[in-house]
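Contents: one structure, followed by commentary.
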Amino acid sequence: MGTALIDGLFVFMLAGFIGFEVIKRISPLLHTPLMSITNALDAIAVVGAIVLVGRNESPLAHVLGILAVIAATSNIVGGFLITDRMLKMFKSSRPTKS
Amino acid sequence: MTTFAGSQAFIGIIYLIASALFILALKWMNAPPTARRGILSGEIGMVLAIGGTLLQLGVDGKLEHISIDYTWIFIALGIGTAIGVPLGLVQMTAVPQRTALSHAFGAFCVTLVGTSEFYLGTPHIPAFKMAVLCCEVILGGLTVTGSLMAAGKLQEVLPQRPITFKGQNFVNLTMLAVAIVLAVYLVHDPGATHLYPVMVGIALMFGVMLVIPIGGADMPTVISLLNSYAGLSAAAMGFVLNNKLLIIAGALDGSSGLILSVIMSKAMNRSFTNVLFGAFGQVAAAAAGGQEARPVKSASPEEAAGILAAASRVVVVPGYGMAVAQAQHKVRELYDALTKRGIDVRFAIHPVAGRMPGHMNVLLAEADVPYDRLMEMDDINGDFPQVDVSLIIGANDVTNPAAKTDKASPIYGMPVLDVERSHTVMVIKRSMNPGFAGIDNPLYYMDQTLMLFGDAKVFVSNIVKELAH
């Protein structure tokens with residue numbers, strides 16, 4: 001438990017710094033799509049819920065797991081879909097090669 | 001046991017690849033040309049992680065001789081997809097409430113998983129695991145109800161105006177303190193199953209209390225803050241499950257929300273505590289009192305069209321009022337008509353022009369305004385002295401020069417667009433009623449300012465008609 005905790009904290013700290021550095025560089029133009037894609041990525045929590053449903057260790061965990069999978073999946077699908085729709089709209093006034 | 005070790009390493013490597021793809025997804029989001037590649041990268045990472053988890057479950061099931069319930073997993077994935085598709089197809093004006101709703105869904109998932117882990121583990125949960133579990137469900141719980149409240153206010157099913165009462169801050173802080181005390185007790189005694197629902201209940205109530213004092217204009221900050229909480233609760237869940245991919249995704253989401261909240265509160269000249277403890281409502285009410293009628297100059301669509309046609313540099317300043325009037329497509333037609341005449345037209349976007357960070361850019365992009373014409377406040381403010389006409393559509397406070405000069409103004413210190421330095425300022429406005437925050441704008445009484453009274457959509461289309469002659 002001890003080393004797993006420390007490992008986890010290292011990962012959290014490094015990911016936090018990477019997050020700050022990467023997101024600082026994102027143009028304010030795209031802040032809305034940024035929020036919708038981070039929302040979709042955050043729904044990776046679905047893996048924890050899938051394990052709960054699959055292992056079916058108690059009726060409560062099973063039901064809560066199913067609800068959790070539904071909530072997270074709708075975020076994944078909806079989040080990627082709307083981000084893609086938004087980004088398709090961003091066109092430059094300069095003609096593109098394609 | 002080689003298969004077991006093999007499967008552990010296998011899922012670890014899948015998660016490692018997914019983490020890299022998630023970071024690349026955000027990296028590619030930095031500019032429009034590469035942004036769609038970012039979505040693909042995120043999607044591949046997501047599919048890999050889910051597929052890997054399903055495989056891993058099967059392997060573990062065989063090793064531990066338990067049957068894995070794939071049926072319900074796929075039913076739940078199917079229902080989630082069926083709910084997600086319509087949520088991905090909402091109108092662009094509805095994106096802020098959709099985003100708030102998805103913060104609620106994300107936090108809901110995290111809170112439910114945390115709750116299941118608690119009841120599966122109690123009374124034998126190690127202290128550290130219990131501590132992060134409490135963080136997970138408290139943050140998750142308050143994000144669920146807080147985001148639902150925000151979504152309700154944005155959708156206007158709940159009143160937009162801030163609801164404040166005496167002793168509000170005391171009540172809120174007490175609730176938070178009680179939740180923390182309960183969490184500490186649960187860490188000490190994870191068998192106290194009767195206290196757990198109380199703690200979650202308080203977190204849920206705290207979320208409601210957190211958002212009721214917040215008005216519509218402060219929504220960009222609140223949505224960003226809730227985004228950050230949703231991310232942090234997911235990271236806490238990663239600690240509970242010892243899942244590094246979740247820790248990484250949660251940390252990325254948490255830092256993204258935090259950066260956006262800082263940008264938003266700077267743009268509104270507010271501190272976090274100020275937004276959260278909603279002092280704005282009272283100040284604005286006081287300022288709205290002492291008003292006298294002062295003369296303004298107004299102009300007709302023909303006159304406005306004439307002035308625009310004679311200009312060589314025009315800056316359009318859109319505000320949320322433009323989106324409310326559904327005028328963005330007409331504004332694009334105006335942009336086309338002026339551009340055809342060889343006039344340089346740009347858009348000045350204040351960071352809080354919409355109802356969430358970057359919202360105005362999306363609304364204009366939807367109306368086919370090229371994104372390289374959309375300028376950030378800091379990039380365009382220096383150019384205003386060379387601008388012939390600034391056309392303000394549905395924006396008020398973000399153009400108020402009193403924010404720079406009048407120390408008594410409630411918005412003093414808020415960064416604003418320097419429109420008053422352009423040669424002519426035209427303001428499309430329904431009437432002389434003050435804007436959202438109820439603050440009078442001295443810009444309207446200046447010599448170079450012309451008021452264009454009317455509905456934004458109708459007025460702009462009349463200007464376009466005049467320009468067509």
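Letters for chains follow the order of the structure tokens (A, B, ...), residue numbers begin at 1 for each chain, and ligand numbers begin at 1 in the order shown.
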
(request) Please identify every residue of chain A that has at least one atom no more than 6 Å from any atom of chain B, counting only C-alpha atoms, and report them as a PyMOL selection string. (result) chain A and resi 12+15-16+19-20+22+26-29+31-32+38+42-43+54-55+61+64+66+68-75+77-78+81-82+89-93

Preceding selection exported with C-alpha atoms as a PDB file, in the first residue's frame:
```
ATOM      1  CA  PHE A  12      -0.495  12.699 -10.024  1.00  0.00           C
ATOM      2  CA  ALA A  15       0.380  14.594 -14.786  1.00  0.00           C
ATOM      3  CA  GLY A  16      -0.667  17.813 -13.049  1.00  0.00           C
ATOM      4  CA  GLY A  19      -1.624  19.332 -17.708  1.00  0.00           C
ATOM      5  CA  PHE A  20      -0.676  22.896 -16.746  1.00  0.00           C
ATOM      6  CA  VAL A  22      -0.076  21.652 -22.207  1.00  0.00           C
ATOM      7  CA  ILE A  26      -4.227  26.070 -25.838  1.00  0.00           C
ATOM      8  CA  SER A  27      -5.705  29.021 -27.708  1.00  0.00           C
ATOM      9  CA  PRO A  28      -8.691  30.670 -25.956  1.00  0.00           C
ATOM     10  CA  LEU A  29     -10.387  30.155 -29.322  1.00  0.00           C
ATOM     11  CA  HIS A  31     -11.555  26.654 -24.699  1.00  0.00           C
ATOM     12  CA  THR A  32     -15.088  25.310 -25.155  1.00  0.00           C
ATOM     13  CA  THR A  38     -11.432  16.802 -21.118  1.00  0.00           C
ATOM     14  CA  ASP A  42     -12.334  12.156 -17.628  1.00  0.00           C
ATOM     15  CA  ALA A  43     -15.090   9.609 -18.236  1.00  0.00           C
ATOM     16  CA  GLY A  54     -18.493  -7.485 -14.284  1.00  0.00           C
ATOM     17  CA  ARG A  55     -17.389  -8.881 -10.936  1.00  0.00           C
ATOM     18  CA  ALA A  61     -22.291  -2.644  -6.250  1.00  0.00           C
ATOM     19  CA  LEU A  64     -24.535   1.338  -8.761  1.00  0.00           C
ATOM     20  CA  ILE A  66     -24.533  -0.195 -14.015  1.00  0.00           C
ATOM     21  CA  ALA A  68     -22.078   4.539 -13.284  1.00  0.00           C
ATOM     22  CA  VAL A  69     -21.287   2.845 -16.613  1.00  0.00           C
ATOM     23  CA  ILE A  70     -24.340   4.513 -18.187  1.00  0.00           C
ATOM     24  CA  ALA A  71     -23.381   7.986 -16.895  1.00  0.00           C
ATOM     25  CA  ALA A  72     -19.747   7.697 -17.957  1.00  0.00           C
ATOM     26  CA  THR A  73     -20.517   6.193 -21.377  1.00  0.00           C
ATOM     27  CA  SER A  74     -22.913   9.012 -22.187  1.00  0.00           C
ATOM     28  CA  ASN A  75     -20.099  11.459 -21.373  1.00  0.00           C
ATOM     29  CA  VAL A  77     -19.979   9.395 -26.574  1.00  0.00           C
ATOM     30  CA  GLY A  78     -21.536  12.851 -26.136  1.00  0.00           C
ATOM     31  CA  LEU A  81     -19.292  13.847 -30.632  1.00  0.00           C
ATOM     32  CA  ILE A  82     -19.835  17.479 -29.663  1.00  0.00           C
ATOM     33  CA  MET A  89     -16.927  24.534 -37.664  1.00  0.00           C
ATOM     34  CA  PHE A  90     -13.593  26.275 -37.183  1.00  0.00           C
ATOM     35  CA  LYS A  91     -12.536  27.358 -40.671  1.00  0.00           C
ATOM     36  CA  SER A  92      -9.765  29.706 -41.720  1.00  0.00           C
ATOM     37  CA  SER A  93     -10.303  32.575 -44.191  1.00  0.00           C
TER      38      SER A  93
END
```

(message) What's around B:Ala192 at 12 Å? Count only C-alpha atoms, leave out sequence neighbours fewer than 6 positions away in its own chain, and write the answer as a VMD selection string.
(response) chain B and resid 118 to 119 121 to 125 130 182 to 186 198 to 199

Just-selected residues, C-alpha atoms written as a short mmCIF file (atom, residue, chain, number, x, y, z; two decimals), in the first residue's frame:
```cif
data_model
loop_
_atom_site.label_atom_id
_atom_site.label_comp_id
_atom_site.auth_asym_id
_atom_site.auth_seq_id
_atom_site.Cartn_x
_atom_site.Cartn_y
_atom_site.Cartn_z
CA PHE B 118 -17.02 1.63 0.50
CA TYR B 119 -19.78 -0.93 1.03
CA GLY B 121 -14.70 -2.91 1.69
CA THR B 122 -16.25 -1.89 5.00
CA PRO B 123 -15.20 -2.43 7.78
CA HIS B 124 -11.71 -3.35 6.54
CA ILE B 125 -10.56 -0.34 4.56
CA MET B 130 -10.60 5.52 3.12
CA LEU B 182 -17.39 12.81 9.34
CA ALA B 183 -14.71 11.91 6.79
CA VAL B 184 -12.02 11.98 9.48
CA TYR B 185 -14.17 9.77 11.71
CA LEU B 186 -14.74 7.30 8.86
CA VAL B 198 -24.82 11.36 6.11
CA MET B 199 -21.47 12.49 4.72
#
```

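Within stretch 329-450 of chain B, DSSP run on the backbone puts these residues in strand (DSSP E or B): Asp344, Val345, Arg346, Phe347, Ala348, Ile349, Leu374, Met375, Glu376, Val389, Ser390, Leu391, Ile392, Ile393, Thr424, Val425, Met426, Val427, Ile428, Lys429, Thr449 and Leu450 of chain B.
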
At a cut-off of 8 Å, using only C-alpha atoms, what residues contact stretch 415-432 of chain B? Leave out same-chain residues fewer than 4 positions from it and give the result as a PDB file with N, CA and C atoms, in the first residue's frame.
```pdb
ATOM      1  N   LYS B 266     -10.092  36.145 -13.560  1.00  0.00           N
ATOM      2  CA  LYS B 266      -9.303  37.345 -13.889  1.00  0.00           C
ATOM      3  C   LYS B 266     -10.086  38.236 -14.838  1.00  0.00           C
ATOM      4  N   ALA B 267     -10.727  37.620 -15.831  1.00  0.00           N
ATOM      5  CA  ALA B 267     -11.475  38.391 -16.827  1.00  0.00           C
ATOM      6  C   ALA B 267     -12.667  39.098 -16.192  1.00  0.00           C
ATOM      7  N   MET B 268     -13.163  38.553 -15.076  1.00  0.00           N
ATOM      8  CA  MET B 268     -14.297  39.185 -14.405  1.00  0.00           C
ATOM      9  C   MET B 268     -13.837  40.030 -13.232  1.00  0.00           C
ATOM     10  N   ASN B 269     -12.513  40.095 -13.037  1.00  0.00           N
ATOM     11  CA  ASN B 269     -11.960  40.871 -11.932  1.00  0.00           C
ATOM     12  C   ASN B 269     -12.482  40.355 -10.592  1.00  0.00           C
ATOM     13  N   ALA B 304     -26.084  54.049 -40.265  1.00  0.00           N
ATOM     14  CA  ALA B 304     -25.069  53.109 -39.800  1.00  0.00           C
ATOM     15  C   ALA B 304     -24.382  52.436 -40.981  1.00  0.00           C
ATOM     16  N   ALA B 348     -13.689  41.250 -31.811  1.00  0.00           N
ATOM     17  CA  ALA B 348     -12.965  41.330 -30.538  1.00  0.00           C
ATOM     18  C   ALA B 348     -13.723  40.502 -29.512  1.00  0.00           C
ATOM     19  N   HIS B 350     -14.096  39.135 -25.851  1.00  0.00           N
ATOM     20  CA  HIS B 350     -13.744  39.209 -24.429  1.00  0.00           C
ATOM     21  C   HIS B 350     -13.831  37.790 -23.841  1.00  0.00           C
ATOM     22  N   MET B 377      -8.865  39.597 -26.522  1.00  0.00           N
ATOM     23  CA  MET B 377      -8.830  40.953 -25.975  1.00  0.00           C
ATOM     24  C   MET B 377      -7.419  41.549 -25.975  1.00  0.00           C
ATOM     25  N   ASN B 381      -6.624  44.988 -28.232  1.00  0.00           N
ATOM     26  CA  ASN B 381      -6.795  46.239 -27.486  1.00  0.00           C
ATOM     27  C   ASN B 381      -5.867  47.354 -27.962  1.00  0.00           C
ATOM     28  N   PHE B 384      -7.177  49.508 -31.251  1.00  0.00           N
ATOM     29  CA  PHE B 384      -8.408  50.306 -31.340  1.00  0.00           C
ATOM     30  C   PHE B 384      -8.208  51.740 -31.859  1.00  0.00           C
ATOM     31  N   PRO B 385      -7.096  52.449 -31.525  1.00  0.00           N
ATOM     32  CA  PRO B 385      -6.950  53.809 -32.072  1.00  0.00           C
ATOM     33  C   PRO B 385      -6.931  53.829 -33.602  1.00  0.00           C
ATOM     34  N   GLN B 386      -6.567  52.732 -34.253  1.00  0.00           N
ATOM     35  CA  GLN B 386      -6.567  52.680 -35.723  1.00  0.00           C
ATOM     36  C   GLN B 386      -7.884  52.164 -36.292  1.00  0.00           C
ATOM     37  N   VAL B 387      -8.843  51.878 -35.403  1.00  0.00           N
ATOM     38  CA  VAL B 387     -10.102  51.311 -35.882  1.00  0.00           C
ATOM     39  C   VAL B 387     -11.087  52.435 -36.203  1.00  0.00           C
ATOM     40  N   ASP B 388     -11.717  52.369 -37.397  1.00  0.00           N
ATOM     41  CA  ASP B 388     -12.667  53.416 -37.777  1.00  0.00           C
ATOM     42  C   ASP B 388     -14.004  53.242 -37.065  1.00  0.00           C
ATOM     43  N   VAL B 389     -14.523  52.022 -37.081  1.00  0.00           N
ATOM     44  CA  VAL B 389     -15.815  51.797 -36.433  1.00  0.00           C
ATOM     45  C   VAL B 389     -15.740  50.555 -35.541  1.00  0.00           C
ATOM     46  N   SER B 390     -16.156  50.698 -34.291  1.00  0.00           N
ATOM     47  CA  SER B 390     -16.379  49.532 -33.431  1.00  0.00           C
ATOM     48  C   SER B 390     -17.881  49.328 -33.331  1.00  0.00           C
ATOM     49  N   LEU B 391     -18.327  48.143 -33.705  1.00  0.00           N
ATOM     50  CA  LEU B 391     -19.760  47.855 -33.675  1.00  0.00           C
ATOM     51  C   LEU B 391     -20.026  46.872 -32.530  1.00  0.00           C
ATOM     52  N   ILE B 392     -20.729  47.351 -31.517  1.00  0.00           N
ATOM     53  CA  ILE B 392     -20.968  46.525 -30.325  1.00  0.00           C
ATOM     54  C   ILE B 392     -22.359  45.909 -30.422  1.00  0.00           C
ATOM     55  N   ILE B 393     -22.418  44.591 -30.362  1.00  0.00           N
ATOM     56  CA  ILE B 393     -23.704  43.909 -30.511  1.00  0.00           C
ATOM     57  C   ILE B 393     -23.965  43.052 -29.286  1.00  0.00           C
ATOM     58  N   GLY B 394     -24.884  43.476 -28.458  1.00  0.00           N
ATOM     59  CA  GLY B 394     -25.286  42.653 -27.312  1.00  0.00           C
ATOM     60  C   GLY B 394     -24.241  42.527 -26.220  1.00  0.00           C
ATOM     61  N   ASP B 397     -21.023  45.330 -20.285  1.00  0.00           N
ATOM     62  CA  ASP B 397     -20.000  45.526 -19.264  1.00  0.00           C
ATOM     63  C   ASP B 397     -18.573  45.386 -19.796  1.00  0.00           C
ATOM     64  N   VAL B 398     -18.378  44.502 -20.791  1.00  0.00           N
ATOM     65  CA  VAL B 398     -17.017  44.264 -21.284  1.00  0.00           C
ATOM     66  C   VAL B 398     -16.492  45.434 -22.112  1.00  0.00           C
ATOM     67  N   THR B 399     -17.365  46.447 -22.376  1.00  0.00           N
ATOM     68  CA  THR B 399     -16.917  47.634 -23.112  1.00  0.00           C
ATOM     69  C   THR B 399     -16.957  48.873 -22.226  1.00  0.00           C
ATOM     70  N   ASN B 400     -17.225  48.698 -20.932  1.00  0.00           N
ATOM     71  CA  ASN B 400     -17.479  49.834 -20.056  1.00  0.00           C
ATOM     72  C   ASN B 400     -16.175  50.518 -19.629  1.00  0.00           C
ATOM     73  N   PRO B 401     -15.923  51.752 -20.120  1.00  0.00           N
ATOM     74  CA  PRO B 401     -14.657  52.405 -19.757  1.00  0.00           C
ATOM     75  C   PRO B 401     -14.575  52.739 -18.271  1.00  0.00           C
ATOM     76  N   ALA B 403     -14.714  50.808 -15.951  1.00  0.00           N
ATOM     77  CA  ALA B 403     -13.904  49.770 -15.312  1.00  0.00           C
ATOM     78  C   ALA B 403     -12.445  50.200 -15.193  1.00  0.00           C
ATOM     79  N   LYS B 404     -12.042  51.175 -16.066  1.00  0.00           N
ATOM     80  CA  LYS B 404     -10.652  51.636 -16.028  1.00  0.00           C
ATOM     81  C   LYS B 404     -10.493  52.919 -15.223  1.00  0.00           C
ATOM     82  N   LEU B 443     -19.876  54.874 -21.840  1.00  0.00           N
ATOM     83  CA  LEU B 443     -19.551  54.828 -23.271  1.00  0.00           C
ATOM     84  C   LEU B 443     -20.698  55.377 -24.112  1.00  0.00           C
ATOM     85  N   TYR B 444     -21.944  55.121 -23.680  1.00  0.00           N
ATOM     86  CA  TYR B 444     -23.111  55.471 -24.480  1.00  0.00           C
ATOM     87  C   TYR B 444     -23.302  56.977 -24.605  1.00  0.00           C
ATOM     88  N   GLN B 448     -18.297  60.233 -29.660  1.00  0.00           N
ATOM     89  CA  GLN B 448     -18.120  59.422 -30.874  1.00  0.00           C
ATOM     90  C   GLN B 448     -19.088  58.239 -30.924  1.00  0.00           C
ATOM     91  N   THR B 449     -19.987  58.163 -29.941  1.00  0.00           N
ATOM     92  CA  THR B 449     -20.854  56.990 -29.851  1.00  0.00           C
ATOM     93  C   THR B 449     -22.230  57.228 -30.477  1.00  0.00           C
ATOM     94  N   LEU B 450     -22.670  56.290 -31.274  1.00  0.00           N
ATOM     95  CA  LEU B 450     -24.012  56.308 -31.849  1.00  0.00           C
ATOM     96  C   LEU B 450     -24.766  55.098 -31.333  1.00  0.00           C
ATOM     97  N   MET B 451     -25.953  55.331 -30.801  1.00  0.00           N
ATOM     98  CA  MET B 451     -26.768  54.220 -30.344  1.00  0.00           C
ATOM     99  C   MET B 451     -27.683  53.758 -31.471  1.00  0.00           C
ATOM    100  N   LEU B 452     -27.695  52.460 -31.712  1.00  0.00           N
ATOM    101  CA  LEU B 452     -28.585  51.898 -32.734  1.00  0.00           C
ATOM    102  C   LEU B 452     -29.653  51.107 -31.981  1.00  0.00           C
ATOM    103  N   PHE B 453     -30.814  51.716 -31.803  1.00  0.00           N
ATOM    104  CA  PHE B 453     -31.839  51.074 -30.978  1.00  0.00           C
ATOM    105  C   PHE B 453     -32.640  50.062 -31.787  1.00  0.00           C
ATOM    106  N   GLY B 454     -32.769  48.860 -31.230  1.00  0.00           N
ATOM    107  CA  GLY B 454     -33.586  47.846 -31.879  1.00  0.00           C
ATOM    108  C   GLY B 454     -33.089  46.451 -31.575  1.00  0.00           C
ATOM    109  N   ASP B 455     -33.798  45.468 -32.095  1.00  0.00           N
ATOM    110  CA  ASP B 455     -33.401  44.072 -31.955  1.00  0.00           C
ATOM    111  C   ASP B 455     -32.147  43.828 -32.793  1.00  0.00           C
ATOM    112  N   ALA B 456     -31.167  43.149 -32.202  1.00  0.00           N
ATOM    113  CA  ALA B 456     -29.877  42.977 -32.868  1.00  0.00           C
ATOM    114  C   ALA B 456     -30.029  42.323 -34.232  1.00  0.00           C
ATOM    115  N   PHE B 459     -31.827  44.722 -36.725  1.00  0.00           N
ATOM    116  CA  PHE B 459     -31.008  45.880 -37.056  1.00  0.00           C
ATOM    117  C   PHE B 459     -29.869  45.496 -37.988  1.00  0.00           C
TER     118      PHE B 459
END
```

(request) Please return as a ChimeraX atom specification: the residues of chain A that backbone DSSP assigns to helix (DSSP H, G or I). (result) /A:2-24,28-55,59-89
